[in-house]
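target33.cif follows; it contains mmCIF, C-alpha atoms and all ligand atoms; chains and numbers go by the auth columns.
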data_data
loop_
_atom_site.group_PDB
_atom_site.id
_atom_site.type_symbol
_atom_site.label_atom_id
_atom_site.label_comp_id
_atom_site.label_asym_id
_atom_site.label_seq_id
_atom_site.Cartn_x
_atom_site.Cartn_y
_atom_site.Cartn_z
_atom_site.B_iso_or_equiv
_atom_site.auth_seq_id
_atom_site.auth_asym_id
ATOM 1 C CA MET A 1 -0.345 -18.122 -2.171 0.00 22 V
ATOM 2 C CA GLU A 2 -4.087 -17.511 -2.326 0.00 23 V
ATOM 3 C CA LYS A 3 -4.620 -13.773 -2.274 0.00 24 V
ATOM 4 C CA LEU A 4 -7.951 -11.973 -1.739 0.00 25 V
ATOM 5 C CA LYS A 5 -9.539 -15.253 -0.602 0.00 26 V
ATOM 6 C CA GLY A 6 -13.298 -15.103 -0.032 0.00 27 V
ATOM 7 C CA LEU A 7 -13.724 -11.575 -1.419 0.00 28 V
ATOM 8 C CA ASP A 8 -16.497 -10.969 -3.925 0.00 29 V
ATOM 9 C CA LEU A 9 -14.584 -9.243 -6.747 0.00 30 V
ATOM 10 C CA GLU A 10 -16.841 -9.871 -9.742 0.00 31 V
ATOM 11 C CA GLY A 11 -18.124 -6.627 -11.274 0.00 32 V
ATOM 12 C CA LYS A 12 -16.512 -4.585 -8.495 0.00 33 V
ATOM 13 C CA LYS A 13 -14.695 -1.305 -9.124 0.00 34 V
ATOM 14 C CA ILE A 14 -11.106 -1.771 -7.972 0.00 35 V
ATOM 15 C CA LEU A 15 -8.064 0.466 -7.770 0.00 36 V
ATOM 16 C CA ASP A 16 -4.916 -1.583 -8.382 0.00 37 V
ATOM 17 C CA ALA A 17 -2.430 0.683 -6.626 0.00 38 V
ATOM 18 C CA GLY A 18 1.037 0.275 -8.202 0.00 39 V
ATOM 19 C CA THR A 19 0.677 -1.549 -11.537 0.00 40 V
ATOM 20 C CA GLY A 20 4.300 -2.792 -11.615 0.00 41 V
ATOM 21 C CA GLY A 21 4.625 -5.995 -13.638 0.00 42 V
ATOM 22 C CA CYS A 22 0.823 -6.132 -14.018 0.00 43 V
ATOM 23 C CA ASN A 23 0.348 -9.385 -12.065 0.00 44 V
ATOM 24 C CA MET A 24 -2.423 -8.039 -9.857 0.00 45 V
ATOM 25 C CA THR A 25 -4.239 -6.079 -12.583 0.00 46 V
ATOM 26 C CA LYS A 26 -4.418 -9.230 -14.678 0.00 47 V
ATOM 27 C CA TYR A 27 -5.451 -11.382 -11.707 0.00 48 V
ATOM 28 C CA LEU A 28 -8.297 -8.965 -10.856 0.00 49 V
ATOM 29 C CA GLU A 29 -9.427 -8.718 -14.474 0.00 50 V
ATOM 30 C CA ASP A 30 -9.641 -12.517 -14.615 0.00 51 V
ATOM 31 C CA TRP A 31 -12.010 -12.315 -11.612 0.00 52 V
ATOM 32 C CA GLY A 32 -14.332 -10.056 -13.634 0.00 53 V
ATOM 33 C CA ALA A 33 -13.523 -6.819 -11.820 0.00 54 V
ATOM 34 C CA GLU A 34 -13.447 -3.338 -13.348 0.00 55 V
ATOM 35 C CA ILE A 35 -9.959 -1.985 -12.753 0.00 56 V
ATOM 36 C CA VAL A 36 -8.161 1.319 -12.683 0.00 57 V
ATOM 37 C CA SER A 37 -4.436 0.625 -12.374 0.00 58 V
ATOM 38 C CA ILE A 38 -2.097 3.439 -11.303 0.00 59 V
ATOM 39 C CA ASP A 39 1.695 3.643 -11.295 0.00 60 V
ATOM 40 C CA VAL A 40 4.237 6.479 -11.366 0.00 61 V
ATOM 41 C CA ARG A 41 6.169 4.636 -14.065 0.00 62 V
ATOM 42 C CA GLU A 42 4.616 4.832 -17.499 0.00 63 V
ATOM 43 C CA ASP A 43 7.212 2.501 -19.076 0.00 64 V
ATOM 44 C CA TRP A 44 5.915 -0.490 -17.052 0.00 65 V
ATOM 45 C CA GLN A 45 2.351 0.172 -18.085 0.00 66 V
ATOM 46 C CA LYS A 46 2.997 -0.262 -21.826 0.00 67 V
ATOM 47 C CA ASP A 47 3.324 -4.060 -21.502 0.00 68 V
ATOM 48 C CA CYS A 48 0.354 -4.160 -19.126 0.00 69 V
ATOM 49 C CA LYS A 49 -1.927 -2.656 -21.743 0.00 70 V
ATOM 50 C CA ASP A 50 -1.057 -5.597 -24.039 0.00 71 V
ATOM 51 C CA MET A 51 -1.566 -8.144 -21.226 0.00 72 V
ATOM 52 C CA THR A 52 -5.073 -6.987 -20.264 0.00 73 V
ATOM 53 C CA LYS A 53 -8.389 -6.452 -22.084 0.00 74 V
ATOM 54 C CA HIS A 54 -10.332 -3.559 -20.575 0.00 75 V
ATOM 55 C CA SER A 55 -8.438 -2.216 -17.551 0.00 76 V
ATOM 56 C CA GLU A 56 -7.746 1.511 -17.404 0.00 77 V
ATOM 57 C CA PHE A 57 -4.147 2.629 -16.816 0.00 78 V
ATOM 58 C CA ILE A 58 -3.192 5.968 -15.325 0.00 79 V
ATOM 59 C CA THR A 59 0.329 7.286 -14.790 0.00 80 V
ATOM 60 C CA GLY A 60 0.276 9.100 -11.466 0.00 81 V
ATOM 61 C CA ASP A 61 1.378 9.329 -7.854 0.00 82 V
ATOM 62 C CA LEU A 62 -0.606 7.321 -5.301 0.00 83 V
ATOM 63 C CA THR A 63 0.143 9.892 -2.601 0.00 84 V
ATOM 64 C CA ASP A 64 -1.656 12.624 -4.528 0.00 85 V
ATOM 65 C CA MET A 65 -4.543 11.274 -6.606 0.00 86 V
ATOM 66 C CA GLY A 66 -6.354 14.544 -7.273 0.00 87 V
ATOM 67 C CA PHE A 67 -7.248 13.059 -10.673 0.00 88 V
ATOM 68 C CA ILE A 68 -9.528 10.468 -8.953 0.00 89 V
ATOM 69 C CA LYS A 69 -12.846 11.525 -7.397 0.00 90 V
ATOM 70 C CA ALA A 70 -13.597 10.552 -3.775 0.00 91 V
ATOM 71 C CA GLY A 71 -15.650 7.416 -3.075 0.00 92 V
ATOM 72 C CA MET A 72 -15.031 5.676 -6.400 0.00 93 V
ATOM 73 C CA PHE A 73 -13.856 2.171 -5.456 0.00 94 V
ATOM 74 C CA ASP A 74 -15.188 -0.953 -3.745 0.00 95 V
ATOM 75 C CA TYR A 75 -11.613 -2.104 -3.171 0.00 96 V
ATOM 76 C CA VAL A 76 -8.111 -0.644 -3.223 0.00 97 V
ATOM 77 C CA VAL A 77 -5.509 -3.389 -3.659 0.00 98 V
ATOM 78 C CA CYS A 78 -1.802 -2.858 -2.916 0.00 99 V
ATOM 79 C CA ASN A 79 0.184 -5.889 -4.021 0.00 100 V
ATOM 80 C CA PHE A 80 3.785 -5.312 -2.830 0.00 101 V
ATOM 81 C CA VAL A 81 3.409 -1.553 -3.138 0.00 102 V
ATOM 82 C CA VAL A 82 3.389 -0.231 0.438 0.00 103 V
ATOM 83 C CA SER A 83 7.019 -1.347 0.891 0.00 104 V
ATOM 84 C CA ALA A 84 7.890 0.241 -2.484 0.00 105 V
ATOM 85 C CA LEU A 85 6.476 3.678 -1.629 0.00 106 V
ATOM 86 C CA SER A 86 9.603 4.605 0.344 0.00 107 V
ATOM 87 C CA GLN A 87 11.730 4.100 -2.759 0.00 108 V
ATOM 88 C CA ASN A 88 10.710 7.670 -3.498 0.00 109 V
ATOM 89 C CA LYS A 89 12.863 9.326 -0.881 0.00 110 V
ATOM 90 C CA GLY A 90 11.170 11.464 1.723 0.00 111 V
ATOM 91 C CA LEU A 91 7.704 10.163 0.958 0.00 112 V
ATOM 92 C CA LEU A 92 5.435 9.524 3.922 0.00 113 V
ATOM 93 C CA ILE A 93 3.355 6.407 3.435 0.00 114 V
ATOM 94 C CA SER A 94 0.505 7.901 5.474 0.00 115 V
ATOM 95 C CA SER A 95 -0.233 10.299 2.596 0.00 116 V
ATOM 96 C CA ALA A 96 -0.844 7.271 0.338 0.00 117 V
ATOM 97 C CA LEU A 97 -2.963 5.523 3.017 0.00 118 V
ATOM 98 C CA ARG A 98 -5.076 8.695 3.367 0.00 119 V
ATOM 99 C CA GLU A 99 -5.602 8.806 -0.376 0.00 120 V
ATOM 100 C CA PHE A 100 -6.706 5.142 -0.356 0.00 121 V
ATOM 101 C CA TYR A 101 -9.279 6.035 2.322 0.00 122 V
ATOM 102 C CA ARG A 102 -10.546 9.008 0.289 0.00 123 V
ATOM 103 C CA VAL A 103 -11.062 7.103 -2.989 0.00 124 V
ATOM 104 C CA LEU A 104 -12.853 4.160 -1.330 0.00 125 V
ATOM 105 C CA LYS A 105 -16.662 4.020 -1.197 0.00 126 V
ATOM 106 C CA GLU A 106 -18.297 3.881 2.240 0.00 127 V
ATOM 107 C CA ALA A 107 -17.644 0.348 3.627 0.00 128 V
ATOM 108 C CA GLY A 108 -15.103 -0.194 0.822 0.00 129 V
ATOM 109 C CA MET A 109 -12.019 -2.250 1.605 0.00 130 V
ATOM 110 C CA LEU A 110 -8.274 -1.628 1.418 0.00 131 V
ATOM 111 C CA VAL A 111 -6.191 -4.791 0.940 0.00 132 V
ATOM 112 C CA ILE A 112 -2.437 -4.662 1.484 0.00 133 V
ATOM 113 C CA ILE A 113 -0.259 -7.639 0.566 0.00 134 V
ATOM 114 C CA ASP A 114 3.404 -7.267 1.442 0.00 135 V
ATOM 115 C CA TYR A 115 6.479 -8.619 3.205 0.00 136 V
ATOM 116 C CA TYR A 116 6.906 -8.494 6.952 0.00 137 V
ATOM 117 C CA PRO A 117 10.156 -6.701 7.854 0.00 138 V
ATOM 118 C CA PHE A 118 13.163 -9.002 7.426 0.00 139 V
ATOM 119 C CA GLU A 119 14.049 -9.260 11.110 0.00 140 V
ATOM 120 C CA SER A 120 13.230 -11.963 13.619 0.00 141 V
ATOM 121 C CA GLU A 121 11.359 -9.632 16.022 0.00 142 V
ATOM 122 C CA SER A 122 8.607 -8.719 13.563 0.00 143 V
ATOM 123 C CA CYS A 123 8.633 -11.605 11.075 0.00 144 V
ATOM 124 C CA PRO A 124 6.625 -14.717 12.044 0.00 145 V
ATOM 125 C CA GLY A 125 8.661 -16.978 9.730 0.00 146 V
ATOM 126 C CA PRO A 126 12.366 -17.752 9.371 0.00 147 V
ATOM 127 C CA CYS A 127 14.835 -14.965 8.567 0.00 148 V
ATOM 128 C CA ASP A 128 17.909 -16.407 6.916 0.00 149 V
ATOM 129 C CA ASN A 129 21.123 -14.473 7.667 0.00 150 V
ATOM 130 C CA ILE A 130 22.332 -14.626 4.057 0.00 151 V
ATOM 131 C CA GLN A 131 19.133 -13.068 2.730 0.00 152 V
ATOM 132 C CA VAL A 132 19.057 -10.490 5.546 0.00 153 V
ATOM 133 C CA GLU A 133 22.701 -9.521 4.821 0.00 154 V
ATOM 134 C CA LEU A 134 21.889 -8.964 1.143 0.00 155 V
ATOM 135 C CA TRP A 135 18.810 -6.894 2.002 0.00 156 V
ATOM 136 C CA ARG A 136 20.866 -4.755 4.439 0.00 157 V
ATOM 137 C CA LEU A 137 23.645 -4.242 1.883 0.00 158 V
ATOM 138 C CA GLU A 138 21.138 -3.174 -0.779 0.00 159 V
ATOM 139 C CA ASN A 139 19.562 -0.610 1.571 0.00 160 V
ATOM 140 C CA THR A 140 22.960 0.658 2.794 0.00 161 V
ATOM 141 C CA VAL A 141 24.212 1.281 -0.747 0.00 162 V
ATOM 142 C CA SER A 142 20.960 3.096 -1.623 0.00 163 V
ATOM 143 C CA GLU A 143 21.384 5.288 1.463 0.00 164 V
ATOM 144 C CA MET A 144 24.990 6.076 0.480 0.00 165 V
ATOM 145 C CA LEU A 145 23.766 7.278 -2.895 0.00 166 V
ATOM 146 C CA GLY A 146 21.040 9.388 -1.259 0.00 167 V
ATOM 147 C CA LYS A 147 18.292 7.221 -2.755 0.00 168 V
ATOM 148 C CA GLY A 148 15.187 5.832 -1.061 0.00 169 V
ATOM 149 C CA HIS A 149 14.861 2.072 -0.602 0.00 170 V
ATOM 150 C CA LEU A 150 12.260 -0.600 0.130 0.00 171 V
ATOM 151 C CA GLU A 151 10.830 -0.321 3.626 0.00 172 V
ATOM 152 C CA GLU A 152 8.731 -3.140 5.025 0.00 173 V
ATOM 153 C CA TYR A 153 6.210 -2.405 7.805 0.00 174 V
ATOM 154 C CA PRO A 154 4.803 -4.764 10.439 0.00 175 V
ATOM 155 C CA PRO A 155 1.043 -5.027 9.725 0.00 176 V
ATOM 156 C CA ALA A 156 0.261 -4.066 13.353 0.00 177 V
ATOM 157 C CA ILE A 157 1.908 -0.635 12.794 0.00 178 V
ATOM 158 C CA LEU A 158 -0.047 -0.128 9.566 0.00 179 V
ATOM 159 C CA GLU A 159 -3.297 -1.090 11.324 0.00 180 V
ATOM 160 C CA LYS A 160 -2.671 1.600 13.965 0.00 181 V
ATOM 161 C CA GLU A 161 -2.114 4.201 11.263 0.00 182 V
ATOM 162 C CA LEU A 162 -5.216 3.072 9.332 0.00 183 V
ATOM 163 C CA LYS A 163 -7.338 3.373 12.474 0.00 184 V
ATOM 164 C CA ALA A 164 -6.036 6.917 13.036 0.00 185 V
ATOM 165 C CA ILE A 165 -6.979 7.779 9.431 0.00 186 V
ATOM 166 C CA GLY A 166 -10.558 6.595 10.010 0.00 187 V
ATOM 167 C CA PHE A 167 -10.798 2.969 8.827 0.00 188 V
ATOM 168 C CA SER A 168 -13.448 1.299 10.986 0.00 189 V
ATOM 169 C CA GLU A 169 -11.958 -2.188 11.323 0.00 190 V
ATOM 170 C CA SER A 170 -8.949 -4.166 10.147 0.00 191 V
ATOM 171 C CA GLU A 171 -7.382 -7.582 10.378 0.00 192 V
ATOM 172 C CA SER A 172 -4.189 -9.158 9.106 0.00 193 V
ATOM 173 C CA SER A 173 -3.122 -12.726 8.479 0.00 194 V
ATOM 174 C CA ILE A 174 -0.033 -14.611 7.328 0.00 195 V
ATOM 175 C CA LEU A 175 -0.360 -15.372 3.619 0.00 196 V
ATOM 176 C CA LEU A 176 2.937 -17.188 3.233 0.00 197 V
ATOM 177 C CA GLN A 177 5.101 -18.304 6.167 0.00 198 V
ATOM 178 C CA GLU A 178 8.341 -18.918 4.233 0.00 199 V
ATOM 179 C CA VAL A 179 9.350 -17.255 0.979 0.00 200 V
ATOM 180 C CA PRO A 180 11.703 -19.253 -1.283 0.00 201 V
ATOM 181 C CA TRP A 181 14.811 -17.353 -2.383 0.00 202 V
ATOM 182 C CA PRO A 182 16.179 -19.224 -5.422 0.00 203 V
ATOM 183 C CA ILE A 183 19.662 -18.239 -6.594 0.00 204 V
ATOM 184 C CA ASP A 184 18.176 -16.369 -9.592 0.00 205 V
ATOM 185 C CA LEU A 185 16.418 -13.977 -7.202 0.00 206 V
ATOM 186 C CA PHE A 186 19.747 -13.373 -5.438 0.00 207 V
ATOM 187 C CA LYS A 187 21.352 -12.726 -8.836 0.00 208 V
ATOM 188 C CA GLU A 188 18.687 -10.136 -9.743 0.00 209 V
ATOM 189 C CA HIS A 189 19.475 -8.257 -6.529 0.00 210 V
ATOM 190 C CA GLU A 190 23.220 -8.713 -7.094 0.00 211 V
ATOM 191 C CA GLU A 191 22.940 -6.954 -10.480 0.00 212 V
ATOM 192 C CA THR A 192 21.033 -3.992 -9.023 0.00 213 V
ATOM 193 C CA ILE A 193 23.430 -3.653 -6.076 0.00 214 V
ATOM 194 C CA LYS A 194 26.492 -3.874 -8.373 0.00 215 V
ATOM 195 C CA GLU A 195 25.133 -1.090 -10.596 0.00 216 V
ATOM 196 C CA ASP A 196 24.691 1.095 -7.523 0.00 217 V
ATOM 197 C CA ILE A 197 28.113 0.249 -6.044 0.00 218 V
ATOM 198 C CA ASP A 198 29.721 1.232 -9.368 0.00 219 V
ATOM 199 C CA ARG A 199 28.347 4.737 -8.875 0.00 220 V
ATOM 200 C CA ILE A 200 30.255 5.221 -5.593 0.00 221 V
ATOM 201 C CA GLU A 201 33.282 7.446 -6.213 0.00 222 V
ATOM 202 C CA GLU A 202 35.662 6.371 -3.417 0.00 223 V
ATOM 203 C CA ASP A 203 37.740 3.350 -4.528 0.00 224 V
ATOM 204 C CA TYR A 204 38.221 1.921 -1.024 0.00 225 V
ATOM 205 C CA LEU A 205 34.461 1.969 -0.340 0.00 226 V
ATOM 206 C CA ARG A 206 33.605 0.469 -3.716 0.00 227 V
ATOM 207 C CA ASP A 207 36.120 -2.355 -3.215 0.00 228 V
ATOM 208 C CA ALA A 208 34.901 -3.120 0.308 0.00 229 V
ATOM 209 C CA LEU A 209 31.243 -3.203 -0.759 0.00 230 V
ATOM 210 C CA LEU A 210 31.977 -5.374 -3.810 0.00 231 V
ATOM 211 C CA LYS A 211 33.860 -7.808 -1.588 0.00 232 V
ATOM 212 C CA LYS A 212 30.940 -7.938 0.836 0.00 233 V
ATOM 213 C CA LEU A 213 28.538 -8.607 -2.054 0.00 234 V
ATOM 214 C CA ASP A 214 30.805 -11.323 -3.412 0.00 235 V
ATOM 215 C CA ASP A 215 30.994 -13.012 0.022 0.00 236 V
ATOM 216 C CA ILE A 216 27.194 -13.013 0.355 0.00 237 V
ATOM 217 C CA MET A 217 26.748 -14.450 -3.156 0.00 238 V
ATOM 218 C CA LYS A 218 29.286 -17.226 -2.446 0.00 239 V
ATOM 219 C CA LYS A 219 27.309 -18.257 0.645 0.00 240 V
ATOM 220 C CA ALA A 220 23.992 -18.029 -1.245 0.00 241 V
ATOM 221 C CA ARG A 221 25.174 -20.300 -4.069 0.00 242 V
ATOM 222 C CA GLY A 222 25.502 -23.368 -1.895 0.00 243 V
ATOM 223 C CA SER A 223 22.362 -22.845 0.172 0.00 244 V
ATOM 224 C CA VAL A 224 18.637 -23.491 0.025 0.00 245 V
ATOM 225 C CA ILE A 225 17.017 -20.372 1.393 0.00 246 V
ATOM 226 C CA ARG A 226 13.441 -19.803 2.508 0.00 247 V
ATOM 227 C CA SER A 227 13.279 -16.524 4.317 0.00 248 V
ATOM 228 C CA GLY A 228 10.752 -13.875 5.323 0.00 249 V
ATOM 229 C CA SER A 229 6.942 -14.040 5.373 0.00 250 V
ATOM 230 C CA ILE A 230 4.110 -12.320 3.546 0.00 251 V
ATOM 231 C CA TYR A 231 0.930 -10.907 5.109 0.00 252 V
ATOM 232 C CA GLU A 232 -2.458 -9.783 3.868 0.00 253 V
ATOM 233 C CA LEU A 233 -4.081 -6.874 5.692 0.00 254 V
ATOM 234 C CA ARG A 234 -7.742 -5.958 5.126 0.00 255 V
ATOM 235 C CA ALA A 235 -9.133 -2.662 6.391 0.00 256 V
ATOM 236 C CA LYS A 236 -12.757 -1.532 6.023 0.00 257 V
ATOM 237 C CA LYS A 237 -13.679 2.141 5.551 0.00 258 V
HETATM 238 C C1 LIG B . 6.739 -4.269 -6.619 0.00 1 E
HETATM 239 S S1 LIG B . 5.948 -3.247 -7.756 0.00 1 E
HETATM 240 C C2 LIG B . 4.260 -3.672 -7.687 0.00 1 E
HETATM 241 C C3 LIG B . 3.886 -4.999 -8.248 0.00 1 E
HETATM 242 C C4 LIG B . 2.477 -5.070 -8.777 0.00 1 E
HETATM 243 N N1 LIG B . 1.479 -4.540 -7.861 0.00 1 E
HETATM 244 C C5 LIG B . 2.150 -6.513 -9.129 0.00 1 E
HETATM 245 O O1 LIG B . 1.213 -7.073 -8.573 0.00 1 E
HETATM 246 O O2 LIG B . 2.850 -7.062 -9.985 0.00 1 E
HETATM 247 C C6 LIG B . 5.860 -1.671 -6.929 0.00 1 E
HETATM 248 C C7 LIG B . 5.286 -0.602 -7.850 0.00 1 E
HETATM 249 O O3 LIG B . 4.904 0.543 -7.069 0.00 1 E
HETATM 250 C C8 LIG B . 5.130 1.679 -7.863 0.00 1 E
HETATM 251 N N2 LIG B . 5.159 2.881 -7.006 0.00 1 E
HETATM 252 C C9 LIG B . 6.024 3.160 -5.991 0.00 1 E
HETATM 253 N N3 LIG B . 5.721 4.357 -5.446 0.00 1 E
HETATM 254 C C10 LIG B . 4.641 4.826 -6.121 0.00 1 E
HETATM 255 C C11 LIG B . 3.865 6.025 -6.020 0.00 1 E
HETATM 256 N N4 LIG B . 4.128 6.962 -5.105 0.00 1 E
HETATM 257 N N5 LIG B . 2.839 6.190 -6.881 0.00 1 E
HETATM 258 C C12 LIG B . 2.547 5.242 -7.819 0.00 1 E
HETATM 259 N N6 LIG B . 3.239 4.109 -7.953 0.00 1 E
HETATM 260 C C13 LIG B . 4.280 3.891 -7.123 0.00 1 E
HETATM 261 C C14 LIG B . 6.462 1.388 -8.522 0.00 1 E
HETATM 262 O O4 LIG B . 6.668 2.202 -9.670 0.00 1 E
HETATM 263 C C15 LIG B . 6.328 -0.100 -8.863 0.00 1 E
HETATM 264 O O5 LIG B . 5.849 -0.298 -10.153 0.00 1 E
#

Take the structure in the file and write it out as structure tokens.
Ligand SMILES: C[S@@+](CC[C@H](N)C(=O)[O-])C[C@H]1O[C@@H](n2cnc3c(N)ncnc32)[C@H](O)[C@@H]1O
Amino acid sequence: MEKLKGLDLEGKKILDAGTGGCNMTKYLEDWGAEIVSIDVREDWQKDCKDMTKHSEFITGDLTDMGFIKAGMFDYVVCNFVVSALSQNKGLLISSALREFYRVLKEAGMLVIIDYYPFESESCPGPCDNIQVELWRLENTVSEMLGKGHLEEYPPAILEKELKAIGFSESESSILLQEVPWPIDLFKEHEETIKEDIDRIEEDYLRDALLKKLDDIMKKARGSVIRSGSIYELRAKK
């Protein structure tokens, strides 16, 4: 998956929005960019400091970056972060998009890389039922516990919102048509979902949800799954 293709990143000032596992911060540093990497979770950033040489790490909320002056960055890069914003329940993603606009220089560029929603109507690639069932179960259990969950947006909807905020032009393209879902990825999700199901108090609900999870995992074990697609959206201030 070749991200940020054709962009001149060397020496540029870049906000890596949502440090996470540090993949993007490291990737950008290797391109010779000057990076400020922001995440709400400080614990993730400890490892990132060891993995990089001169990037700056800030623990903070992307929806309220009062600690960053306006017009600071040539690029804002969101690598699998827009879908993660809704994990903080009640958060409106437009407040983050507005902040990205504010911290960009004039003619600076916002780049969003993320999944299309996992449903046939908005995803240009295949949507495998087994993977979709797991994704729905994970979101349902989060809802039952009153937590937020991942929320994928069609790029066309984001482009509308970005235009309303003031971005002058935007375009999106398919970065990866089919995403492989090896069994280990299913198992990672299984663990998270199990932990959440265990927190549900009603026995009958817990049993029913565990059975559903078990059924999905049985089907996943014998299958080769490539499901969902990934887009890259570029919007110019
Ligand atoms: C999937 S990870 C990002 C992966 C990372 N960009 C990479 O390339 O490896 C999503 C990250 O977004 C962060 N995040 C979610 N909401 C946030 C917010 N409001 N402010 C800052 N970070 C946020 C999460 O803590 C998480 O680390």

Inset, instruction - Could you state which residues are captured by the PyMOL selection byres (((chain V and resi 61-73) around 10) and not hetatm) in this file, as a ChimeraX atom specification? - result: /V:39-44,46-48,50-51,58-60,74-83

Inset, instruction - Calculate how many Å separate atom CA of V:Glu172 from atom CA of V:Ser107, rounding to one decimal. - result: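 Atom CA of V:Ser107 lies 6.0 Å from atom CA of V:Glu172.
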
Inset, instruction - Write out as a PyMOL selection string which residues come within 12 Å of V:Tyr137 when counting only C-alpha atoms, dropping same-chain ones fewer than 3 positions away. - result: chain V and resi 101+103-104+133-134+140-148+171-179+193-200+248-254

Inset, instruction - Grab the atom O5 of ligand LIG 1 (chain E) to atom CA of V:Ile151 distance for me, in Å with one decimal place. - result: 26.1 Å

Inset, instruction - List the residues selected by the PyMOL selection byres (((chain V and resi 115) around 9) and not hetatm) in the file shown, writing them as a PyMOL selection string. - result: chain V and resi 84+112-114+116-120+182-183+186

Inset, instruction - Would you mind telling me which residue in V:Leu28, V:Ile35, V:Met86, V:Val102 lies nearest to ligand LIG 1 (chain E) when using all atoms listed in the file? - result: V:Val102

Expected axis-aligned box over every listed atom of ligand LIG 1 (chain E), 6 Å added per side, centre plus edges in Å to one decimal, as lines of an AutoDock Vina configuration file:
center_x = 4.0
center_y = -0.1
center_z = -7.6
size_x = 17.5
size_y = 26.0
size_z = 17.0

Legend entry - Output of the PyMOL selection byres (((chain V and resi 255) around 6) and not hetatm), listed as a PyMOL selection string: chain V and resi 131-132+191-192+254+256

Go ahead and write the residues just picked, C-alpha atoms, as a PDB file, keeping the file's coordinate frame.
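Result file follows (part.pdb):
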ATOM      1  CA  LEU V 131      -8.274  -1.628   1.418  1.00  0.00           C
ATOM      2  CA  VAL V 132      -6.191  -4.791   0.940  1.00  0.00           C
ATOM      3  CA  SER V 191      -8.949  -4.166  10.147  1.00  0.00           C
ATOM      4  CA  GLU V 192      -7.382  -7.582  10.378  1.00  0.00           C
ATOM      5  CA  LEU V 254      -4.081  -6.874   5.692  1.00  0.00           C
ATOM      6  CA  ALA V 256      -9.133  -2.662   6.391  1.00  0.00           C
TER       7      ALA V 256
END

Legend entry - Nearest-residue call for ligand LIG 1 (chain E), choices V:His170, V:Ser163, V:Leu155, V:Met130, using all atoms listed in the file: V:His170

Inset, instruction - Rank nothing, just name the residue among V:Arg247, V:Lys126, V:Lys240, V:Lys258 nearest to V:Met93, using all atoms listed in the file. - result: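 Smallest separation from V:Met93 among the options: V:Lys126.
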
Inset, instruction - Provide the atom CA of V:Ala128 to atom CA of V:Ile56 distance in Å, to one decimal place. - result: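 Going from atom CA of V:Ala128 over to atom CA of V:Ile56, I get 18.2 Å.
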